[in-house]
>>> print(open('query32.pdb').read())   # PDB, C-alpha atoms
ATOM      1  CA  MET Q   6     -10.334  -7.297 -43.329
ATOM      2  CA  ASN Q   7      -8.752  -4.777 -41.012
ATOM      3  CA  ASN Q   8     -10.730  -1.650 -40.414
ATOM      4  CA  LEU Q   9      -8.464   1.163 -41.529
ATOM      5  CA  ASN Q  10     -10.094   3.585 -39.109
ATOM      6  CA  VAL Q  11      -9.366   1.453 -36.091
ATOM      7  CA  ALA Q  12      -6.111   0.884 -34.212
ATOM      8  CA  LYS Q  13      -5.643  -2.039 -31.856
ATOM      9  CA  ILE Q  14      -3.632  -1.305 -28.748
ATOM     10  CA  GLN Q  15      -2.753  -3.264 -25.620
ATOM     11  CA  LEU Q  16      -4.392  -1.385 -22.741
ATOM     12  CA  ASN Q  17      -3.431  -2.553 -19.243
ATOM     13  CA  GLY Q  18      -2.686  -5.976 -20.629
ATOM     14  CA  ASP Q  19      -5.873  -6.371 -22.686
ATOM     15  CA  SER Q  20      -6.583  -5.827 -26.353
ATOM     16  CA  TYR Q  21      -8.451  -2.560 -26.915
ATOM     17  CA  GLU Q  22      -9.695  -0.786 -30.042
ATOM     18  CA  ILE Q  23      -9.471   2.956 -30.582
ATOM     19  CA  ASN Q  24     -10.087   5.247 -33.509
ATOM     20  CA  ARG Q  25      -6.979   5.877 -35.516
ATOM     21  CA  GLY Q  26      -5.358   9.185 -34.569
ATOM     22  CA  THR Q  27      -6.489   9.023 -30.917
ATOM     23  CA  ASN Q  28      -4.151  10.807 -28.523
ATOM     24  CA  ILE Q  29      -3.690  10.092 -24.804
ATOM     25  CA  ASN Q  30      -6.021  12.888 -23.697
ATOM     26  CA  GLU Q  31      -8.782  11.524 -25.938
ATOM     27  CA  LEU Q  32      -8.246   7.995 -24.668
ATOM     28  CA  LEU Q  33      -8.471   9.127 -21.024
ATOM     29  CA  ASN Q  34     -11.585  11.167 -21.824
ATOM     30  CA  LYS Q  35     -13.224   8.173 -23.425
ATOM     31  CA  LEU Q  36     -12.386   6.060 -20.375
ATOM     32  CA  GLN Q  37     -13.697   8.865 -18.103
ATOM     33  CA  ILE Q  38     -10.400   9.039 -16.240
ATOM     34  CA  HIS Q  39      -9.106  12.308 -14.750
ATOM     35  CA  THR Q  40      -5.597  13.038 -15.964
ATOM     36  CA  ASN Q  41      -4.483  14.251 -12.528
ATOM     37  CA  LYS Q  42      -5.243  10.934 -10.844
ATOM     38  CA  VAL Q  43      -3.239   8.639 -13.096
ATOM     39  CA  ALA Q  44       0.106   8.126 -14.784
ATOM     40  CA  VAL Q  45       0.473   6.780 -18.302
ATOM     41  CA  GLU Q  46       3.181   4.679 -19.872
ATOM     42  CA  VAL Q  47       3.395   3.921 -23.602
ATOM     43  CA  ASN Q  48       5.714   1.126 -24.713
ATOM     44  CA  GLY Q  49       7.580   1.246 -21.416
ATOM     45  CA  GLU Q  50       8.133   5.006 -21.468
ATOM     46  CA  ILE Q  51       6.380   7.331 -19.032
ATOM     47  CA  VAL Q  52       4.430  10.045 -20.825
ATOM     48  CA  GLU Q  53       4.566  13.492 -19.229
ATOM     49  CA  LYS Q  54       1.132  15.030 -18.757
ATOM     50  CA  ASN Q  55       1.876  17.979 -21.035
ATOM     51  CA  LYS Q  56       2.539  15.551 -23.878
ATOM     52  CA  TYR Q  57      -0.872  13.813 -23.680
ATOM     53  CA  PRO Q  58      -2.451  15.908 -26.476
ATOM     54  CA  ASN Q  59       0.438  15.302 -28.858
ATOM     55  CA  LEU Q  60       1.019  11.605 -28.404
ATOM     56  CA  ILE Q  61      -0.989   9.721 -31.023
ATOM     57  CA  LEU Q  62      -1.451   6.018 -30.337
ATOM     58  CA  ASN Q  63      -0.586   3.486 -33.018
ATOM     59  CA  ASN Q  64      -1.401  -0.151 -33.701
ATOM     60  CA  ASP Q  65       0.247  -2.526 -31.178
ATOM     61  CA  ASP Q  66       1.197   0.232 -28.731
ATOM     62  CA  LYS Q  67       1.378  -1.040 -25.179
ATOM     63  CA  VAL Q  68      -0.408   1.418 -22.915
ATOM     64  CA  GLU Q  69      -0.444   1.240 -19.125
ATOM     65  CA  ILE Q  70      -2.645   3.503 -17.033
ATOM     66  CA  VAL Q  71      -1.957   3.309 -13.299
ATOM     67  CA  HIS Q  72      -3.282   4.965 -10.170
ATOM     68  CA  PHE Q  73      -2.904   4.743  -6.408
ATOM     69  CA  ILE Q  74      -4.691   2.047  -4.472
ATOM     70  CA  GLY Q  75      -4.531   0.964  -0.842
ATOM     71  CA  GLY Q  76      -1.253  -0.662   0.096
ATOM     72  CA  GLY Q  77       1.157  -1.256   2.966
TER      73      GLY Q  77
ATOM     74  CA  MET X   4       7.898  19.745  25.094
ATOM     75  CA  LYS X   5       8.610  20.333  21.433
ATOM     76  CA  ASP X   6       9.354  17.122  19.595
ATOM     77  CA  THR X   7       9.369  17.504  15.843
ATOM     78  CA  PHE X   8       9.577  14.639  13.429
ATOM     79  CA  ILE X   9      11.513  15.563  10.306
ATOM     80  CA  ILE X  10      11.937  13.436   7.204
ATOM     81  CA  ALA X  11      13.777  14.827   4.189
ATOM     82  CA  ASN X  12      13.560  18.375   5.631
ATOM     83  CA  LYS X  13       9.788  18.138   6.020
ATOM     84  CA  LYS X  14       8.098  18.400   9.424
ATOM     85  CA  PHE X  15       5.403  15.932  10.435
ATOM     86  CA  ASN X  16       3.198  15.878  13.513
ATOM     87  CA  SER X  17       2.698  12.149  13.962
ATOM     88  CA  ARG X  18       5.425   9.547  14.241
ATOM     89  CA  LEU X  19       2.989   6.886  13.139
ATOM     90  CA  ILE X  20       2.853   6.055   9.430
ATOM     91  CA  VAL X  21       0.017   3.782   8.341
ATOM     92  CA  GLY X  22      -0.595   1.603   5.333
ATOM     93  CA  THR X  23      -3.872   1.722   3.426
ATOM     94  CA  GLY X  24      -4.121  -1.924   2.371
ATOM     95  CA  LYS X  25      -6.384  -4.776   3.538
ATOM     96  CA  TYR X  26      -9.344  -2.599   4.602
ATOM     97  CA  LYS X  27     -12.978  -3.539   3.942
ATOM     98  CA  ASN X  28     -13.518  -0.425   1.830
ATOM     99  CA  PHE X  29     -12.217   3.118   1.388
ATOM    100  CA  GLU X  30     -14.629   4.503   4.021
ATOM    101  CA  GLU X  31     -12.986   2.276   6.618
ATOM    102  CA  THR X  32      -9.516   3.172   5.321
ATOM    103  CA  ALA X  33     -10.223   6.884   5.678
ATOM    104  CA  GLU X  34     -11.729   6.485   9.146
ATOM    105  CA  ALA X  35      -8.781   4.402  10.345
ATOM    106  CA  VAL X  36      -6.250   6.917   9.014
ATOM    107  CA  LYS X  37      -8.122   9.708  10.777
ATOM    108  CA  ALA X  38      -8.302   7.813  14.068
ATOM    109  CA  SER X  39      -4.590   6.961  13.880
ATOM    110  CA  GLY X  40      -3.636  10.615  13.599
ATOM    111  CA  ALA X  41      -1.070   9.672  10.948
ATOM    112  CA  ASP X  42      -0.146  12.326   8.442
ATOM    113  CA  ILE X  43       1.755   9.986   6.141
ATOM    114  CA  VAL X  44       0.098   6.974   4.478
ATOM    115  CA  THR X  45       1.647   4.389   2.216
ATOM    116  CA  VAL X  46      -0.100   3.661  -1.078
ATOM    117  CA  ALA X  47       0.449   1.183  -3.894
ATOM    118  CA  VAL X  48       0.595   1.809  -7.636
ATOM    119  CA  ARG X  49      -1.560  -0.501  -9.745
ATOM    120  CA  ARG X  50      -3.371  -0.654 -13.086
ATOM    121  CA  VAL X  51      -6.649   1.262 -13.368
ATOM    122  CA  ASN X  52      -9.653  -0.999 -13.903
ATOM    123  CA  ILE X  53     -10.669   0.114 -17.387
ATOM    124  CA  LEU X  54     -13.948  -1.812 -17.426
ATOM    125  CA  ASP X  55     -15.423  -0.406 -14.230
ATOM    126  CA  LYS X  56     -15.770   3.336 -14.672
ATOM    127  CA  ASN X  57     -17.571   3.796 -11.367
ATOM    128  CA  GLN X  58     -14.856   2.148  -9.318
ATOM    129  CA  PRO X  59     -14.150   4.285  -6.236
ATOM    130  CA  LEU X  60     -10.703   5.873  -6.040
ATOM    131  CA  LEU X  61      -8.528   6.074  -2.944
ATOM    132  CA  MET X  62      -7.783   9.706  -3.780
ATOM    133  CA  ASP X  63     -11.474  10.541  -3.391
ATOM    134  CA  TYR X  64     -11.352   9.332   0.219
ATOM    135  CA  LEU X  65      -7.914  10.481   1.378
ATOM    136  CA  ASP X  66      -7.071  14.025   0.358
ATOM    137  CA  SER X  67      -3.498  14.049  -0.887
ATOM    138  CA  LYS X  68      -3.270  17.750  -0.048
ATOM    139  CA  THR X  69      -3.709  17.195   3.683
ATOM    140  CA  ILE X  70      -2.298  13.651   4.004
ATOM    141  CA  THR X  71       1.151  12.880   2.631
ATOM    142  CA  TYR X  72       0.951  10.009   0.169
ATOM    143  CA  LEU X  73       4.004   7.787   0.363
ATOM    144  CA  PRO X  74       4.070   5.718  -2.837
ATOM    145  CA  ASN X  75       5.382   2.254  -2.114
ATOM    146  CA  THR X  76       6.868  -0.448  -4.310
ATOM    147  CA  ALA X  77       5.299  -3.376  -2.441
ATOM    148  CA  GLY X  78       5.032  -6.361  -4.743
ATOM    149  CA  CYS X  79       8.220  -5.529  -6.659
ATOM    150  CA  TYR X  80      10.914  -8.200  -6.758
ATOM    151  CA  SER X  81      13.508  -6.396  -8.860
ATOM    152  CA  SER X  82      15.153  -3.011  -9.068
ATOM    153  CA  GLU X  83      13.638  -2.444 -12.547
ATOM    154  CA  GLU X  84      10.063  -2.988 -11.322
ATOM    155  CA  ALA X  85      10.605  -0.784  -8.283
ATOM    156  CA  LEU X  86      12.124   2.061 -10.303
ATOM    157  CA  ARG X  87       9.328   1.863 -12.876
ATOM    158  CA  THR X  88       6.686   2.017 -10.136
ATOM    159  CA  LEU X  89       8.177   5.046  -8.400
ATOM    160  CA  ARG X  90       8.795   6.950 -11.607
ATOM    161  CA  LEU X  91       5.112   6.439 -12.465
ATOM    162  CA  ALA X  92       4.137   7.578  -8.966
ATOM    163  CA  ARG X  93       6.175  10.743  -9.386
ATOM    164  CA  GLU X  94       4.529  11.448 -12.730
ATOM    165  CA  MET X  95       1.111  11.086 -11.129
ATOM    166  CA  GLY X  96       1.474  14.034  -8.840
ATOM    167  CA  GLY X  97       5.059  15.018  -8.364
ATOM    168  CA  TRP X  98       5.715  12.771  -5.370
ATOM    169  CA  ARG X  99       9.415  12.763  -4.543
ATOM    170  CA  LEU X 100       9.160  11.250  -1.070
ATOM    171  CA  VAL X 101       8.751   7.512  -1.622
ATOM    172  CA  LYS X 102       9.028   4.178   0.117
ATOM    173  CA  LEU X 103      11.287   1.653  -1.543
ATOM    174  CA  GLU X 104      10.624  -2.012  -0.895
ATOM    175  CA  VAL X 105      12.254  -4.629  -3.099
ATOM    176  CA  LEU X 106      11.221  -8.078  -1.979
ATOM    177  CA  GLY X 107      13.432 -11.115  -2.104
ATOM    178  CA  ASP X 108      11.184 -14.009  -1.143
ATOM    179  CA  LYS X 109       7.431 -14.609  -1.359
ATOM    180  CA  LYS X 110       7.108 -16.625   1.823
ATOM    181  CA  THR X 111       8.999 -14.379   4.227
ATOM    182  CA  LEU X 112       8.688 -11.118   2.257
ATOM    183  CA  TYR X 113      12.239 -10.373   3.369
ATOM    184  CA  PRO X 114      13.798  -7.623   1.286
ATOM    185  CA  ASN X 115      16.416  -8.264  -1.372
ATOM    186  CA  MET X 116      19.041  -5.866  -0.077
ATOM    187  CA  ILE X 117      21.338  -6.066  -3.100
ATOM    188  CA  GLU X 118      18.541  -4.837  -5.376
ATOM    189  CA  THR X 119      17.370  -2.404  -2.693
ATOM    190  CA  ILE X 120      20.765  -0.694  -2.382
ATOM    191  CA  LYS X 121      21.116  -0.531  -6.160
ATOM    192  CA  SER X 122      17.649   1.029  -6.496
ATOM    193  CA  THR X 123      18.251   3.535  -3.696
ATOM    194  CA  GLU X 124      21.369   4.803  -5.466
ATOM    195  CA  VAL X 125      19.518   5.323  -8.749
ATOM    196  CA  LEU X 126      16.489   6.968  -7.128
ATOM    197  CA  VAL X 127      18.605   9.375  -5.082
ATOM    198  CA  LYS X 128      20.434  10.425  -8.259
ATOM    199  CA  GLU X 129      17.053  11.041  -9.915
ATOM    200  CA  GLY X 130      16.065  13.403  -7.109
ATOM    201  CA  PHE X 131      13.808  11.113  -5.066
ATOM    202  CA  GLU X 132      13.742  11.193  -1.254
ATOM    203  CA  VAL X 133      13.866   7.498  -0.444
ATOM    204  CA  MET X 134      12.602   5.830   2.721
ATOM    205  CA  VAL X 135      13.916   2.294   2.593
ATOM    206  CA  TYR X 136      12.377  -0.925   3.915
ATOM    207  CA  CYS X 137      15.331  -3.087   4.902
ATOM    208  CA  THR X 138      16.746  -5.924   6.960
ATOM    209  CA  ASP X 139      17.990  -5.304  10.485
ATOM    210  CA  ASP X 140      21.692  -5.665   9.629
ATOM    211  CA  PRO X 141      23.552  -2.535  10.827
ATOM    212  CA  THR X 142      26.192  -2.830   8.084
ATOM    213  CA  ILE X 143      23.452  -2.816   5.454
ATOM    214  CA  THR X 144      21.598   0.132   6.966
ATOM    215  CA  LYS X 145      24.903   2.038   7.104
ATOM    216  CA  LYS X 146      25.372   1.381   3.414
ATOM    217  CA  LEU X 147      21.837   2.644   2.702
ATOM    218  CA  GLU X 148      22.595   5.834   4.558
ATOM    219  CA  ASP X 149      25.842   6.212   2.598
ATOM    220  CA  VAL X 150      23.995   6.009  -0.723
ATOM    221  CA  GLY X 151      21.523   8.672   0.384
ATOM    222  CA  ALA X 152      18.439   7.048   1.947
ATOM    223  CA  CYS X 153      16.425   9.703   3.830
ATOM    224  CA  ALA X 154      15.028   7.165   6.316
ATOM    225  CA  ILE X 155      16.048   3.668   7.335
ATOM    226  CA  MET X 156      13.112   1.306   7.877
ATOM    227  CA  PRO X 157      14.149  -2.075   9.268
ATOM    228  CA  LEU X 158      11.585  -4.776   9.908
ATOM    229  CA  GLY X 159      10.756  -5.764  13.485
ATOM    230  CA  SER X 160       9.538  -9.139  12.177
ATOM    231  CA  PRO X 161       8.078 -10.271   8.827
ATOM    232  CA  ILE X 162       5.448  -8.132   7.061
ATOM    233  CA  GLY X 163       1.935  -8.974   8.242
ATOM    234  CA  SER X 164       3.174 -11.432  10.890
ATOM    235  CA  GLY X 165       2.116  -9.350  13.885
ATOM    236  CA  ILE X 166       4.705 -10.942  16.155
ATOM    237  CA  GLY X 167       6.265  -7.694  17.288
ATOM    238  CA  ILE X 168       9.824  -6.431  17.639
ATOM    239  CA  GLN X 169      11.923  -9.593  17.567
ATOM    240  CA  ASN X 170      15.243  -7.798  17.185
ATOM    241  CA  LYS X 171      15.421  -5.122  19.869
ATOM    242  CA  LYS X 172      19.214  -5.139  20.175
ATOM    243  CA  LYS X 173      19.780  -4.825  16.447
ATOM    244  CA  ILE X 174      17.184  -2.069  16.110
ATOM    245  CA  SER X 175      18.920  -0.199  18.970
ATOM    246  CA  ILE X 176      22.310  -0.520  17.291
ATOM    247  CA  ILE X 177      20.880   0.724  14.002
ATOM    248  CA  LYS X 178      19.258   3.688  15.735
ATOM    249  CA  GLU X 179      22.470   4.581  17.576
ATOM    250  CA  GLN X 180      24.627   4.609  14.462
ATOM    251  CA  SER X 181      22.180   6.303  12.069
ATOM    252  CA  SER X 182      22.000  10.005  11.397
ATOM    253  CA  VAL X 183      18.749   9.754   9.416
ATOM    254  CA  PRO X 184      15.386   8.746  10.966
ATOM    255  CA  VAL X 185      14.940   5.065  11.827
ATOM    256  CA  ILE X 186      11.396   3.788  11.471
ATOM    257  CA  VAL X 187      10.340   0.256  12.364
ATOM    258  CA  ASP X 188       8.464  -1.032   9.332
ATOM    259  CA  ALA X 189       6.636  -4.349   9.642
ATOM    260  CA  GLY X 190       5.978  -6.751  12.473
ATOM    261  CA  VAL X 191       3.847  -4.658  14.825
ATOM    262  CA  GLY X 192       0.818  -6.677  15.957
ATOM    263  CA  THR X 193      -0.618  -4.647  18.784
ATOM    264  CA  ALA X 194      -0.137  -1.402  20.694
ATOM    265  CA  SER X 195       2.657  -2.605  22.993
ATOM    266  CA  ASP X 196       4.799  -3.559  19.983
ATOM    267  CA  ALA X 197       4.595   0.005  18.660
ATOM    268  CA  THR X 198       5.431   1.351  22.122
ATOM    269  CA  ILE X 199       8.474  -0.928  22.370
ATOM    270  CA  ALA X 200       9.761   0.295  19.011
ATOM    271  CA  MET X 201       9.455   3.892  20.186
ATOM    272  CA  GLU X 202      11.000   3.142  23.606
ATOM    273  CA  LEU X 203      14.043   1.805  21.768
ATOM    274  CA  GLY X 204      14.492   5.325  20.455
ATOM    275  CA  CYS X 205      13.149   4.795  16.959
ATOM    276  CA  ASP X 206      11.873   7.906  15.227
ATOM    277  CA  GLY X 207       8.658   6.336  14.018
ATOM    278  CA  VAL X 208       6.623   3.224  13.309
ATOM    279  CA  LEU X 209       5.035   2.110  10.054
ATOM    280  CA  LEU X 210       2.223  -0.428  10.240
ATOM    281  CA  ASN X 211      -0.800  -1.628   8.305
ATOM    282  CA  THR X 212      -2.061  -5.116   9.143
ATOM    283  CA  ALA X 213      -2.171  -4.537  12.910
ATOM    284  CA  ILE X 214      -4.938  -2.005  12.334
ATOM    285  CA  ALA X 215      -6.628  -3.461   9.247
ATOM    286  CA  GLU X 216      -6.939  -6.971  10.677
ATOM    287  CA  ALA X 217      -7.990  -5.944  14.189
ATOM    288  CA  LYS X 218     -11.571  -6.889  15.068
ATOM    289  CA  ARG X 219     -12.328  -3.175  15.410
ATOM    290  CA  PRO X 220      -9.837  -1.409  13.113
ATOM    291  CA  ILE X 221     -10.837   2.158  13.992
ATOM    292  CA  LEU X 222     -10.364   1.522  17.700
ATOM    293  CA  MET X 223      -6.987  -0.139  17.060
ATOM    294  CA  ALA X 224      -5.964   2.832  14.909
ATOM    295  CA  GLU X 225      -6.631   5.139  17.841
ATOM    296  CA  SER X 226      -4.797   2.772  20.164
ATOM    297  CA  MET X 227      -1.736   2.886  17.898
ATOM    298  CA  LYS X 228      -1.746   6.667  17.984
ATOM    299  CA  PHE X 229      -1.447   6.596  21.776
ATOM    300  CA  ALA X 230       1.004   3.677  21.746
ATOM    301  CA  VAL X 231       3.459   5.602  19.576
ATOM    302  CA  LEU X 232       3.037   8.790  21.609
ATOM    303  CA  SER X 233       3.441   6.864  24.825
ATOM    304  CA  GLY X 234       6.588   5.063  23.700
ATOM    305  CA  ARG X 235       8.089   8.281  22.413
ATOM    306  CA  LYS X 236       7.449  10.108  25.680
ATOM    307  CA  ALA X 237       8.883   7.207  27.692
ATOM    308  CA  PHE X 238      12.009   7.279  25.539
ATOM    309  CA  LEU X 239      12.422  11.039  25.984
ATOM    310  CA  ALA X 240      11.730  10.755  29.714
ATOM    311  CA  GLY X 241      14.484   8.157  30.097
ATOM    312  CA  ARG X 242      13.486   4.993  31.889
ATOM    313  CA  MET X 243      14.701   4.071  35.417
ATOM    314  CA  LYS X 244      17.592   1.676  35.912
ATOM    315  CA  LYS X 245      16.732  -1.973  36.343
ATOM    316  CA  ARG X 246      17.625  -3.613  39.680
ATOM    317  CA  LYS X 247      17.989  -7.215  40.639
ATOM    318  CA  PHE X 248      16.141  -6.776  43.953
ATOM    319  CA  ALA X 249      13.247  -4.725  45.265
ATOM    320  CA  SER X 250      13.496  -1.083  46.246
ATOM    321  CA  ALA X 251      10.663   0.118  48.490
ATOM    322  CA  SER X 252       8.730   3.115  47.252
ATOM    323  CA  SER X 253       7.784   4.374  50.725
ATOM    324  CA  PRO X 254      10.437   5.721  53.121
ATOM    325  CA  GLU X 255      11.625   3.105  55.604
ATOM    326  CA  GLU X 256      12.260   5.661  58.400
ATOM    327  CA  ASN X 257       9.716   6.750  61.036
ATOM    328  CA  LEU X 258       7.534   3.685  60.675
ATOM    329  CA  ILE X 259       4.862   3.577  63.388
TER     330      ILE X 259
END
>>> encode(input="query32.pdb", output="structure tokens")
Amino acid sequence: MNNLNVAKIQLNGDSYEINRGTNINELLNKLQIHTNKVAVEVNGEIVEKNKYPNLILNNDDKVEIVHFIGGG
Amino acid sequence: MKDTFIIANKKFNSRLIVGTGKYKNFEETAEAVKASGADIVTVAVRRVNILDKNQPLLMDYLDSKTITYLPNTAGCYSSEEALRTLRLAREMGGWRLVKLEVLGDKKTLYPNMIETIKSTEVLVKEGFEVMVYCTDDPTITKKLEDVGACAIMPLGSPIGSGIGIQNKKKISIIKEQSSVPVIVDAGVGTASDATIAMELGCDGVLLNTAIAEAKRPILMAESMKFAVLSGRKAFLAGRMKKRKFASASSPEENLI
């Protein structure tokens, strides 16, 4: 049985469960990630920071959270 | 003597740009950047490790307010991947000055110039200032300039090879014909290589492995700072003419 209160998303390539109705801000909070140090993409589209509170994640959404690391 | 380094209308103090990859840890990265005197560093865009919440972040060690972050597309093999990476980088903090690198081959890490030119065109239209890693073909670098690259960055030899500037004549030709800064990107192995690039008249040098893989990275970082300064000053001073035979330094008259 699927839990109706849970949505399954793909987060950085792995399966991840969130509460239904979770927005990007809430997801980042839960992951303890500062919004100003990352960029977020949902289903291949970059999400502007001011849209984080309004974008609700749904089942099967593909979410990518990236940041800067050392590189040449 | 005033000698300003300008990229995309922005003034920089150091003509040395350093990468932040391959270091032992972020402490070493930060120390090396400081010792190098660089005020631009290249950085990569990668997935956040969701599982490890205490993972240190590069941005906690290198202040992006005092050091210019130059997001790079290293690891991208197509225009789509490169564009996606730089758009994400811009969203992260408004970075418009970026380094474009579209690779063509895993073994040589030579750039795919067809994809690179295509990507440069798109990025310029989207308002990015694009510094472009490229081959040392003057017709290609001309094309990059035509489509709006703000800096031309030909390789001196393959990325991470450390075998120095293998294409002095071509780099000189590129420098002579370009009206945007020319920065040697890749190939520098030790201080003299960086000096040679600058003596050729290049506007700057970009390197990473030469410092990160030195036995004492911090000391090498400092050495590179002086190497670039030294080469630049030698270029501005204008070297003497070469002669086939000797020319005595002491006067030959009034010998005792």
>>> closest_residue(input="query32.pdb", among="X:Tyr113, X:Phe229, X:Phe238, X:Phe248", to="Asp206 in chain X", atoms="all atoms listed in the file")
X:Phe238
>>> closest_residue(input="query32.pdb", among="Q:Ala44, Q:Ile29, Q:Leu9, Q:Ile38", to="Asp66 in chain Q", atoms="only C-alpha atoms")
Q:Ile29
>>> closest_atom_pairs(input="query32.pdb", of="chain Q", to="chain X", cutoff="10 Å", atoms="all atoms listed in the file", output="JSON lines")
{"residue": "Q:Leu16", "atom": "CA", "partner": "X:Ile53", "partner_atom": "CA", "distance": 8.4}
{"residue": "Q:Asn17", "atom": "CA", "partner": "X:Arg50", "partner_atom": "CA", "distance": 6.4}
{"residue": "Q:Gly18", "atom": "CA", "partner": "X:Arg50", "partner_atom": "CA", "distance": 9.3}
{"residue": "Q:Asp19", "atom": "CA", "partner": "X:Ile53", "partner_atom": "CA", "distance": 9.7}
{"residue": "Q:Leu33", "atom": "CA", "partner": "X:Ile53", "partner_atom": "CA", "distance": 10.0}
{"residue": "Q:Leu36", "atom": "CA", "partner": "X:Ile53", "partner_atom": "CA", "distance": 6.9}
{"residue": "Q:Gln37", "atom": "CA", "partner": "X:Lys56", "partner_atom": "CA", "distance": 6.8}
{"residue": "Q:Ile38", "atom": "CA", "partner": "X:Lys56", "partner_atom": "CA", "distance": 8.0}
{"residue": "Q:Thr40", "atom": "CA", "partner": "X:Met95", "partner_atom": "CA", "distance": 8.5}
{"residue": "Q:Asn41", "atom": "CA", "partner": "X:Met95", "partner_atom": "CA", "distance": 6.6}
{"residue": "Q:Lys42", "atom": "CA", "partner": "X:Met95", "partner_atom": "CA", "distance": 6.4}
{"residue": "Q:Val43", "atom": "CA", "partner": "X:Met95", "partner_atom": "CA", "distance": 5.4}
{"residue": "Q:Ala44", "atom": "CA", "partner": "X:Met95", "partner_atom": "CA", "distance": 4.8}
{"residue": "Q:Val45", "atom": "CA", "partner": "X:Leu91", "partner_atom": "CA", "distance": 7.5}
{"residue": "Q:Glu46", "atom": "CA", "partner": "X:Leu91", "partner_atom": "CA", "distance": 7.9}
{"residue": "Q:Gly49", "atom": "CA", "partner": "X:Arg87", "partner_atom": "CA", "distance": 8.7}
{"residue": "Q:Glu50", "atom": "CA", "partner": "X:Arg87", "partner_atom": "CA", "distance": 9.2}
{"residue": "Q:Ile51", "atom": "CA", "partner": "X:Leu91", "partner_atom": "CA", "distance": 6.7}
{"residue": "Q:Val52", "atom": "CA", "partner": "X:Glu94", "partner_atom": "CA", "distance": 8.2}
{"residue": "Q:Glu53", "atom": "CA", "partner": "X:Glu94", "partner_atom": "CA", "distance": 6.8}
{"residue": "Q:Lys54", "atom": "CA", "partner": "X:Glu94", "partner_atom": "CA", "distance": 7.8}
{"residue": "Q:Glu69", "atom": "CA", "partner": "X:Arg50", "partner_atom": "CA", "distance": 7.0}
{"residue": "Q:Ile70", "atom": "CA", "partner": "X:Arg50", "partner_atom": "CA", "distance": 5.8}
{"residue": "Q:Val71", "atom": "CA", "partner": "X:Arg50", "partner_atom": "CA", "distance": 4.2}
{"residue": "Q:His72", "atom": "CA", "partner": "X:Val48", "partner_atom": "CA", "distance": 5.6}
{"residue": "Q:Phe73", "atom": "CA", "partner": "X:Val48", "partner_atom": "CA", "distance": 4.7}
{"residue": "Q:Ile74", "atom": "CA", "partner": "X:Ala47", "partner_atom": "CA", "distance": 5.2}
{"residue": "Q:Gly75", "atom": "CA", "partner": "X:Gly24", "partner_atom": "CA", "distance": 4.3}
{"residue": "Q:Gly76", "atom": "CA", "partner": "X:Gly24", "partner_atom": "CA", "distance": 3.9}
{"residue": "Q:Gly77", "atom": "CA", "partner": "X:Gly22", "partner_atom": "CA", "distance": 4.1}
>>> write_last_selection(input="query32.pdb", atoms="C-alpha atoms", output="PDB file, in the frame of the given file")
ATOM      1  CA  LEU Q  16      -4.392  -1.385 -22.741  1.00  0.00           C
ATOM      2  CA  ASN Q  17      -3.431  -2.553 -19.243  1.00  0.00           C
ATOM      3  CA  GLY Q  18      -2.686  -5.976 -20.629  1.00  0.00           C
ATOM      4  CA  ASP Q  19      -5.873  -6.371 -22.686  1.00  0.00           C
ATOM      5  CA  LEU Q  33      -8.471   9.127 -21.024  1.00  0.00           C
ATOM      6  CA  LEU Q  36     -12.386   6.060 -20.375  1.00  0.00           C
ATOM      7  CA  GLN Q  37     -13.697   8.865 -18.103  1.00  0.00           C
ATOM      8  CA  ILE Q  38     -10.400   9.039 -16.240  1.00  0.00           C
ATOM      9  CA  THR Q  40      -5.597  13.038 -15.964  1.00  0.00           C
ATOM     10  CA  ASN Q  41      -4.483  14.251 -12.528  1.00  0.00           C
ATOM     11  CA  LYS Q  42      -5.243  10.934 -10.844  1.00  0.00           C
ATOM     12  CA  VAL Q  43      -3.239   8.639 -13.096  1.00  0.00           C
ATOM     13  CA  ALA Q  44       0.106   8.126 -14.784  1.00  0.00           C
ATOM     14  CA  VAL Q  45       0.473   6.780 -18.302  1.00  0.00           C
ATOM     15  CA  GLU Q  46       3.181   4.679 -19.872  1.00  0.00           C
ATOM     16  CA  GLY Q  49       7.580   1.246 -21.416  1.00  0.00           C
ATOM     17  CA  GLU Q  50       8.133   5.006 -21.468  1.00  0.00           C
ATOM     18  CA  ILE Q  51       6.380   7.331 -19.032  1.00  0.00           C
ATOM     19  CA  VAL Q  52       4.430  10.045 -20.825  1.00  0.00           C
ATOM     20  CA  GLU Q  53       4.566  13.492 -19.229  1.00  0.00           C
ATOM     21  CA  LYS Q  54       1.132  15.030 -18.757  1.00  0.00           C
ATOM     22  CA  GLU Q  69      -0.444   1.240 -19.125  1.00  0.00           C
ATOM     23  CA  ILE Q  70      -2.645   3.503 -17.033  1.00  0.00           C
ATOM     24  CA  VAL Q  71      -1.957   3.309 -13.299  1.00  0.00           C
ATOM     25  CA  HIS Q  72      -3.282   4.965 -10.170  1.00  0.00           C
ATOM     26  CA  PHE Q  73      -2.904   4.743  -6.408  1.00  0.00           C
ATOM     27  CA  ILE Q  74      -4.691   2.047  -4.472  1.00  0.00           C
ATOM     28  CA  GLY Q  75      -4.531   0.964  -0.842  1.00  0.00           C
ATOM     29  CA  GLY Q  76      -1.253  -0.662   0.096  1.00  0.00           C
ATOM     30  CA  GLY Q  77       1.157  -1.256   2.966  1.00  0.00           C
TER      31      GLY Q  77
END
>>> closest_residue(input="query32.pdb", among="X:Glu225, X:Asp196, X:Glu216, X:Glu104", to="Cys79 in chain X", atoms="all atoms listed in the file")
X:Glu104
>>> resolve_selection(input="query32.pdb", expression="the PyMOL selection byres ((chain X and resi 143) around 12)", output="ChimeraX atom specification")
/X:114-117,119-120,135-142,144-150,152,155-157,173,177,180-181
